[in-house]
Amino acid sequence: MAYSSLHDCILDLEKHGHLVRVKEEVDPNLEMAAIHLRVFEKKGPAIFFEKIKGCEFKAVSNLFGTPERSRFLFRDTLESVKNISKLKDNPLLALRQPGLAFKARMAVPKKSSSSPVLWKEITIDKLPQIKCWTDDGGPFITLPQVYSEDPDHPGVMHSNLGMYRIQLNGNDYIPNKEIGLHYQLHRGIGVHQSKAVAQGKPLKVSIFVGGPPAHSFSAVMPLPEGMSELTFAGVLGGRRFRYSYIDGYCISSDADFVITGDIFPGENKPEGPFGDHLGYYSMKHDFPVMHVHKVWQKQDAIWPFTVVGRPPQEDTAFGALIHEIAGDILSKEIPGLHEVNAVDAAGVHPLLLAIGSERYTPYIKERKPQEILTIANHILGFGQMSLAKFLFICAKEDAPDLSTYRIEDYFRHMLERADWSTDLHFQTRTTIDTLDYSGTDINSGSKVVIAAAGEKRRELCTSLPALSLPDHCRNPRLVMPGVMAISGNPFGDENNTHRELATLSSSLNDQMRLVDGIPLIILCDDSDFVSASLNNFLWVTFTRSNPSHDIHGVNHFIEHKHWGCLGPLIIDARIKPHHAPPLLKDPEIEKRVDTLGEKGASLFGII
């Protein structure tokens with residue numbers, strides 16, 4: 001659907017039963033976010049907030065809340081976008097289907113001949129001040145389109161449009177004059193800022209909020225190097241991205257709001273905390289501060305927002321649509337790779353599951369990981385995949401029908417084959433996701449590749465044997481075949497932790513026959529919680545552990561700098577003192593949300 005505005009999109013969603021109006025006055029401080037989360041949990045519609053306390057604007061959220069609704073938004077263009085994405089991999093396709101190349105060319109951004117449709121200049125404090133979680137450092141823009149241009153090659157065709165959260169006030173920001181711009185490793189705006197710093201000049205930045213939904217989606221789409229997000233927005237939206245310039249800043253003609261400003265070399269201020277997509281707070285750190293030049297609003301402007309937290313959330317639907325459009329980008333780029341899944345339930349970056357070919361020595365009867373290790377190194381050198389902590393990879397030849405998206409089947413396959421004496425490959429003191437606090441410092445942690453190939457080595461336990469465990473290890477629970485969770489004491493100092501793990505390892509070593517079918521043990525704070533669902537296991541295990549520090553093993557050894565173990569692998573997934581706190585809902589706010597679900601209220605029958 002070629003929407004010309006966010007308003008058009010909202011009317012279309014409402015016409016087709018994909019939107020609900022909240023007519024009651026709602027508070028931007030925690031309540032709007034809580035409403036969004038509740039409706040999302042129920043797989044409910046998009047939400048249009050008609051009355052925001054202390055604000056003249058209306059707002060909308062949950063636009064992309066389900067894959068079905070995301071497809072509906074782009075129902076007239078989605079297949080064309082998928083076909084155009086094939087041109088990069090097969091340029092000859094353009095000769096056989098010239099219409100595809102024509103559509104791609106027609107999507108180039110269009111400079112408006114007249115002034116933009118923005119009609120009024122306002123200040124930051126007039127914007128909806130939406131705070132999502134109790135300990136957030138202030139209100140944030142959660143669906144921004146942050147625009148910057150290459151200082152060496154100005155212009156829209158050398159621009160970057162990214163979704164980097166924006167803190168509107170709080171901390172040390174000067175009200176209405178400064179806002180916080182948070183971006184992480186491997187982000188396009190970082191390249192632009194580096195070039196501006198080298199020139200000794202400020203980087204001009206425009207923040208677009210709203211406009212056609214294709215604009216927001218394009219800001220999160222991982223595009224190939226050199227492809228403009230504005231061009232992609234035109235293809236996906238069925239309408240060219242319209243823009244103009246005011247005071248040297250690019251202005252989206254279709255946005256509902258635009259904030260323009262400058263990032264000066266070396267100017268940072270504390271940003272955060274912010275409840276983030278791993279399910280924890282990202283804490284206060286220094287990030288670039290943007291000096292506000294002007295804030296513009298369109299007539300009848302609507303403020304779109306989302307809420308992130310422990311997955312799945314609305315950004316999960318973003319990921320599903322990205323995968324549908326792009327296919328498996330990595331498998332096209334990396335020879336021998338068939339599939340990779342950045343596991344959403346584990347926060348995306350902490351855990352990758354992959355399947356590759358093992359073809360190096362087909363003439364040798366005994367098979368072991370060789371080519372899949374090469375593939376693993378390639379994955380960890382590819383863009384944001386380099387932020388992963390745990391990468392499991394197996395050989396397609398061992399199970400041609402296996403999929404990384406059938407996660408429990410995948411773990412069963414790996415645990416039946418893994419040899420912990422040879423199949424663990426560590427990288428210590430390296431980069432991990434900025435939002436992951438399991439490591440040793442911001443952006444710093446470790447990685448492990450777990451590669452398995454060949455015949456089954458063991459049968460996995462489907463019920464727990466009668467084990468004798470030390471007093472500090474309680475309540476053993478079977479998570480899935482071959483995986484046991486144990487509740488431990490709260491994590492203490494390092495020396496005490498080593499003693500506890502040594503005692504546990506010694507105890508299990510004496511019962512090796514009983515634990516042969518349990519190759520993976522999770523030491524956690526609450527084994528009932530971890531074993532209650534697959535998502536709980538994935539979230540706790542891979543967000544609360546740093547491979548170099550938290551992987552242990554029964555009868556472990558170091559040989560020629562290679563670490564391995566002869567018995568079960570133990571992952572210490574307890575909460576550590578340096579971890580960020582998890583996100584918790586406010587009970588009083590939840591009670592207020594309950595009233596909206598009562599008979600006669602706006603969300604009756606939805607929540």
# chains A, B, ... in the order shown; residues from 1 in each chain; ligands from 1

call {"tool": "residues_around", "arguments": {"residues": "Cys9 (chain A)", "least_positions_apart": "5", "cutoff": "10 Å", "atoms": "only C-alpha atoms", "output": "list of chain:residue names"}}
result
A:Met1, A:Ala2, A:Tyr3, A:Ser4, A:Glu14, A:Lys15, A:Leu63, A:Leu73, A:Gly211, A:Pro212, A:Pro213

call {"tool": "write_last_selection", "arguments": {"atoms": "C-alpha atoms", "output": "PDB file, in the first residue's frame"}}
result
ATOM      1  CA  MET A   1       0.000   0.000   0.000  1.00  0.00           C
ATOM      2  CA  ALA A   2       1.510   3.317  -1.054  1.00  0.00           C
ATOM      3  CA  TYR A   3       0.816   5.347   2.093  1.00  0.00           C
ATOM      4  CA  SER A   4       1.692   9.024   1.797  1.00  0.00           C
ATOM      5  CA  GLU A  14      -8.704   0.850  11.267  1.00  0.00           C
ATOM      6  CA  LYS A  15     -10.787   0.189   8.157  1.00  0.00           C
ATOM      7  CA  LEU A  63       2.000  -0.917  14.170  1.00  0.00           C
ATOM      8  CA  LEU A  73       1.158  -2.797   5.647  1.00  0.00           C
ATOM      9  CA  GLY A 211       5.745   9.293   8.077  1.00  0.00           C
ATOM     10  CA  PRO A 212       4.833   6.215   6.022  1.00  0.00           C
ATOM     11  CA  PRO A 213       5.641   2.942   7.845  1.00  0.00           C
TER      12      PRO A 213
END

call {"tool": "select_by_dssp", "arguments": {"residues": "region 419-594 of chain A", "states": "helix (DSSP H, G or I)", "output": "NGL selection string"}}
result
:A and (494-509 or 512-515 or 527-532 or 534-543 or 547-550 or 587-594)

call {"tool": "closest_atom_pairs", "arguments": {"of": "region 428-471 of chain A", "to": "region 348-358 of chain A", "cutoff": "9 Å", "atoms": "only C-alpha atoms", "output": "tab-separated table"}}
result
residue	atom	partner	partner_atom	distance
A:Ile432	CA	A:His349	CA	8.1
A:Asp433	CA	A:His349	CA	6.7
A:Asp436	CA	A:Pro350	CA	7.9
A:Ala453	CA	A:Glu358	CA	7.8

call {"tool": "write_last_selection", "arguments": {"atoms": "C-alpha atoms", "output": "PDB file, in the first residue's frame"}}
result
ATOM      1  CA  ILE A 432      30.215  -8.259  22.280  1.00  0.00           C
ATOM      2  CA  ASP A 433      26.958  -6.313  22.086  1.00  0.00           C
ATOM      3  CA  ASP A 436      25.085  -7.148  26.961  1.00  0.00           C
ATOM      4  CA  ALA A 453      29.969 -33.150  13.160  1.00  0.00           C
TER       5      ALA A 453
END

call {"tool": "closest_residue", "arguments": {"among": "A:Asp150, A:Glu121, A:Glu271, A:Asp315", "to": "Phe257 (chain A)", "atoms": "only C-alpha atoms"}}
result
A:Glu121

call {"tool": "residues_around", "arguments": {"residues": "region 586-598 of chain A", "least_positions_apart": "5", "cutoff": "8 Å", "atoms": "only C-alpha atoms", "output": "list in words"}}
result
Leu30, Glu31, Ala34, Ile35, Thr134, Leu603, Phe604, Gly605, Ile606 and Ile607 of chain A

call {"tool": "select_by_dssp", "arguments": {"residues": "region 409-472 of chain A", "states": "strand (DSSP E)", "output": "MDAnalysis selection string"}}
result
chainID A and resid 424:431 444:452

call {"tool": "write_last_selection", "arguments": {"atoms": "C-alpha atoms", "output": "PDB file, in the first residue's frame"}}
result
ATOM      1  CA  LEU A 424      34.851 -25.898  22.092  1.00  0.00           C
ATOM      2  CA  HIS A 425      36.737 -22.997  20.517  1.00  0.00           C
ATOM      3  CA  PHE A 426      37.090 -19.785  22.551  1.00  0.00           C
ATOM      4  CA  GLN A 427      37.872 -16.181  21.726  1.00  0.00           C
ATOM      5  CA  THR A 428      38.670 -14.241  24.865  1.00  0.00           C
ATOM      6  CA  ARG A 429      38.794 -10.474  25.378  1.00  0.00           C
ATOM      7  CA  THR A 430      36.837  -9.504  22.296  1.00  0.00           C
ATOM      8  CA  THR A 431      33.792  -7.418  21.374  1.00  0.00           C
ATOM      9  CA  SER A 444      33.880  -6.349  25.989  1.00  0.00           C
ATOM     10  CA  GLY A 445      33.510 -10.060  26.600  1.00  0.00           C
ATOM     11  CA  SER A 446      34.258 -13.385  24.958  1.00  0.00           C
ATOM     12  CA  LYS A 447      32.931 -15.873  22.434  1.00  0.00           C
ATOM     13  CA  VAL A 448      32.770 -19.610  22.028  1.00  0.00           C
ATOM     14  CA  VAL A 449      32.165 -21.646  18.894  1.00  0.00           C
ATOM     15  CA  ILE A 450      30.655 -25.063  19.558  1.00  0.00           C
ATOM     16  CA  ALA A 451      31.099 -27.139  16.395  1.00  0.00           C
ATOM     17  CA  ALA A 452      29.900 -30.711  16.072  1.00  0.00           C
TER      18      ALA A 452
END

call {"tool": "residues_around", "arguments": {"residues": "Leu78 (chain A)", "least_positions_apart": "4", "cutoff": "7 Å", "atoms": "only C-alpha atoms", "output": "CSV table (one decimal) with N, CA and C atoms, in the first residue's frame"}}
result
chain,number,residue,atom,x,y,z
A,74,PHE,N,2.6,-3.7,3.9
A,74,PHE,CA,3.3,-3.7,2.6
A,74,PHE,C,2.8,-4.7,1.6
A,82,LYS,N,11.1,-8.4,-2.5
A,82,LYS,CA,11.8,-9.7,-2.5
A,82,LYS,C,12.5,-9.9,-3.8
A,236,LEU,N,9.8,-0.2,-0.9
A,236,LEU,CA,8.9,-0.9,0.1
A,236,LEU,C,7.6,-0.1,0.2

call {"tool": "closest_residue", "arguments": {"among": "A:Lys177, A:His277, A:Arg574, A:Arg359", "to": "Leu523 (chain A)", "atoms": "only C-alpha atoms"}}
result
A:Arg574

call {"tool": "residues_around", "arguments": {"residues": "Asn171 (chain A)", "least_positions_apart": "2", "cutoff": "7 Å", "atoms": "only C-alpha atoms", "output": "list in words"}}
result
Gly137, Asn169, Tyr173 and Pro270 of chain A

call {"tool": "write_last_selection", "arguments": {"atoms": "N, CA and C atoms", "output": "PDB file, in the first residue's frame"}}
result
ATOM      1  N   GLY A 137      16.278   6.559  32.275  1.00  0.00           N
ATOM      2  CA  GLY A 137      16.847   7.857  32.606  1.00  0.00           C
ATOM      3  C   GLY A 137      15.992   9.031  32.202  1.00  0.00           C
ATOM      4  N   ASN A 169      15.241  13.995  27.411  1.00  0.00           N
ATOM      5  CA  ASN A 169      15.667  14.838  28.527  1.00  0.00           C
ATOM      6  C   ASN A 169      16.106  13.956  29.679  1.00  0.00           C
ATOM      7  N   TYR A 173      21.387  16.700  30.358  1.00  0.00           N
ATOM      8  CA  TYR A 173      21.032  17.410  29.124  1.00  0.00           C
ATOM      9  C   TYR A 173      20.391  18.758  29.445  1.00  0.00           C
ATOM     10  N   PRO A 270      26.390  11.551  29.726  1.00  0.00           N
ATOM     11  CA  PRO A 270      25.776  10.297  30.163  1.00  0.00           C
ATOM     12  C   PRO A 270      24.376  10.131  29.566  1.00  0.00           C
TER      13      PRO A 270
END

call {"tool": "closest_residue", "arguments": {"among": "A:Met221, A:Val191, A:Ile246, A:Val20", "to": "Ser206 (chain A)", "atoms": "only C-alpha atoms"}}
result
A:Ile246

call {"tool": "closest_residue", "arguments": {"among": "A:Lys120, A:Arg367, A:Arg75, A:His153", "to": "Gly237 (chain A)", "atoms": "only C-alpha atoms"}}
result
A:Arg75

call {"tool": "closest_residue", "arguments": {"among": "A:Ile322, A:Val205, A:Leu514, A:Ile407", "to": "His293 (chain A)", "atoms": "only C-alpha atoms"}}
result
A:Val205

call {"tool": "atom_distance", "arguments": {"atom1": "CA of Ser468 (chain A)", "atom2": "CA of Cys565 (chain A)"}}
result
20.5 Å

call {"tool": "residues_around", "arguments": {"residues": "Val295 (chain A)", "least_positions_apart": "5", "cutoff": "6 Å", "atoms": "only C-alpha atoms", "output": "PyMOL selection string"}}
result
chain A and resi 121-123+258-259

call {"tool": "residues_around", "arguments": {"residues": "Asp510 (chain A)", "least_positions_apart": "6", "cutoff": "12 Å", "atoms": "only C-alpha atoms", "output": "mmCIF file with N, CA and C atoms, in the first residue's frame"}}
result
data_model
loop_
_atom_site.group_PDB
_atom_site.id
_atom_site.type_symbol
_atom_site.label_atom_id
_atom_site.label_comp_id
_atom_site.auth_asym_id
_atom_site.auth_seq_id
_atom_site.Cartn_x
_atom_site.Cartn_y
_atom_site.Cartn_z
ATOM 1 N N LEU A 467 20.585 -38.485 41.153
ATOM 2 C CA LEU A 467 21.927 -37.966 41.395
ATOM 3 C C LEU A 467 22.080 -37.505 42.838
ATOM 4 N N SER A 468 23.296 -37.616 43.329
ATOM 5 C CA SER A 468 23.643 -37.066 44.631
ATOM 6 C C SER A 468 24.407 -35.766 44.386
ATOM 7 N N LEU A 469 23.828 -34.642 44.803
ATOM 8 C CA LEU A 469 24.415 -33.331 44.519
ATOM 9 C C LEU A 469 24.871 -32.661 45.806
ATOM 10 N N THR A 503 33.417 -28.442 43.701
ATOM 11 C CA THR A 503 32.671 -29.452 44.455
ATOM 12 C C THR A 503 31.624 -30.123 43.575
ATOM 13 N N LEU A 504 30.901 -29.320 42.793
ATOM 14 C CA LEU A 504 29.895 -29.874 41.887
ATOM 15 C C LEU A 504 30.545 -30.788 40.854
ATOM 16 N N ASP A 516 26.084 -39.392 31.765
ATOM 17 C CA ASP A 516 26.529 -39.493 30.373
ATOM 18 C C ASP A 516 25.474 -38.957 29.409
ATOM 19 N N VAL A 554 33.112 -30.811 33.863
ATOM 20 C CA VAL A 554 33.500 -31.921 34.724
ATOM 21 C C VAL A 554 34.753 -32.582 34.140
ATOM 22 N N ASN A 555 35.761 -32.716 35.005
ATOM 23 C CA ASN A 555 37.043 -33.304 34.579
ATOM 24 C C ASN A 555 37.640 -32.491 33.422
ATOM 25 N N GLY A 567 33.656 -34.683 30.984
ATOM 26 C CA GLY A 567 32.302 -34.918 31.459
ATOM 27 C C GLY A 567 31.374 -33.811 30.991
#

call {"tool": "atom_distance", "arguments": {"atom1": "CA of Lys365 (chain A)", "atom2": "CA of Ala395 (chain A)"}}
result
15.0 Å
